[in-house]
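Asker: Have a look at this one before I ask anything.
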Amino acid sequence: MTIYLTPNISDDTIESLDLFDAYRYGEELLDSRFPRDAARVLRKVVEAEPDNPAAWELLGRAHFAAAHLPLAEEAFRRLIELEPTSMWAQTALGLTLDRQSRHREGALHHRVAAAMGASERDATRVELVDRQTG
């Protein structure tokens, strides 16, 4: 389902959603390009299920899309704690750090992702940082 009008989501509405519906609604909001609203809804899911990696990933994506970079960083770090072998999570954290102009820190996560066999873009990002500091 695509949401076309700007959603008007109250705290009461979010509170009334069960966790599955909140997750799905957050997913729909993110897909419909309402990342701030998606993050508000998804916060309920991660608070109720702090060990749910799918919820942390979606929350991190929502914060990243909304340019809430410190919150995206927090979500992706939690995702890496839950799934340390996730190449995607390492890349996402690296990109989040890059967007905050923290390229050296980001390069560490791009290195890990590249070592895990992620895309060549991770290796290229590391090379760019190494070239600038070398």
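FYI, nothing fancy with the structure tokens labels: chains A, B, ... in order, residues from 1 per chain, ligands from 1 as they appear.
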Using only C-alpha atoms, I'd like a table of the residues in range 35-54 of chain A that come within 10 Å of range 80-83 of chain A; for each, show the closest atom pair and its distance in Å rounded to one decimal, ordered by chain and ascending number, as a Markdown table.

Answerer:
| residue | atom | partner | partner_atom | distance |
| --- | --- | --- | --- | --- |
| A:Pro50 | CA | A:Leu82 | CA | 9.6 |
| A:Asp51 | CA | A:Leu82 | CA | 6.9 |
| A:Asn52 | CA | A:Leu82 | CA | 8.0 |
| A:Pro53 | CA | A:Leu82 | CA | 6.2 |
| A:Ala54 | CA | A:Leu82 | CA | 9.9 |

Asker: Could you name the residues that touch His109 in chain A at 7 Å or less, counting only C-alpha atoms, but leaving out those on the same chain fewer than 5 positions away, as a ChimeraX atom specification?

Answerer: /A:90-91,93-94

Asker: With only C-alpha atoms as the atoms that count, which of A:Ala107, A:Val45, A:Leu97, A:Ala65 lies nearest to Tyr25 in chain A?

Answerer: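 That would be A:Val45, the residue with the smallest distance to Tyr25 in chain A.
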
Asker: I'd like the neighbourhood of His68 in chain A as a PDB file with C-alpha atoms, in the first residue's frame, where a residue qualifies if any of its atoms comes within 10 Å (using only C-alpha atoms), though same-chain residues fewer than 4 positions away should be ignored.

Answerer:
ATOM      1  CA  PRO A  35      10.746   8.574   7.154  1.00  0.00           C
ATOM      2  CA  ARG A  36      10.158  10.832  10.162  1.00  0.00           C
ATOM      3  CA  ALA A  39      10.700   6.443  12.829  1.00  0.00           C
ATOM      4  CA  GLY A  60      17.947   2.872  11.126  1.00  0.00           C
ATOM      5  CA  ARG A  61      16.825   3.209   7.514  1.00  0.00           C
ATOM      6  CA  ALA A  62      14.059   5.608   8.562  1.00  0.00           C
ATOM      7  CA  HIS A  63      16.442   7.788  10.572  1.00  0.00           C
ATOM      8  CA  PHE A  64      19.013   7.738   7.756  1.00  0.00           C
ATOM      9  CA  ALA A  72      20.591   6.213  12.515  1.00  0.00           C
ATOM     10  CA  GLU A  73      24.085   5.536  13.852  1.00  0.00           C
ATOM     11  CA  THR A  96      25.978   6.979   8.215  1.00  0.00           C
TER      12      THR A  96
END

Asker: Can you tell me which residues surround Trp56 in chain A at a distance of at most 8 Å, considering only C-alpha atoms, apart from same-chain residues fewer than 5 positions away, and format the answer as JSON, numbers by chain?

Answerer: {"A": [46, 75, 76, 78, 79]}

Asker: Using DSSP secondary structure from the backbone, list all alpha helix (DSSP H) positions within chain A, as a ChimeraX atom specification.

Answerer: /A:11-16,19-31,35-48,53-65,69-82,87-99,103-115,120-133

Asker: Do you know which residues are at most 10 Å from Ala22 in chain A counting only C-alpha atoms, after dropping those on the same chain fewer than 5 positions away, and could you put them as a PyMOL selection string?

Answerer: chain A and resi 13-17+27-28+38+40-45
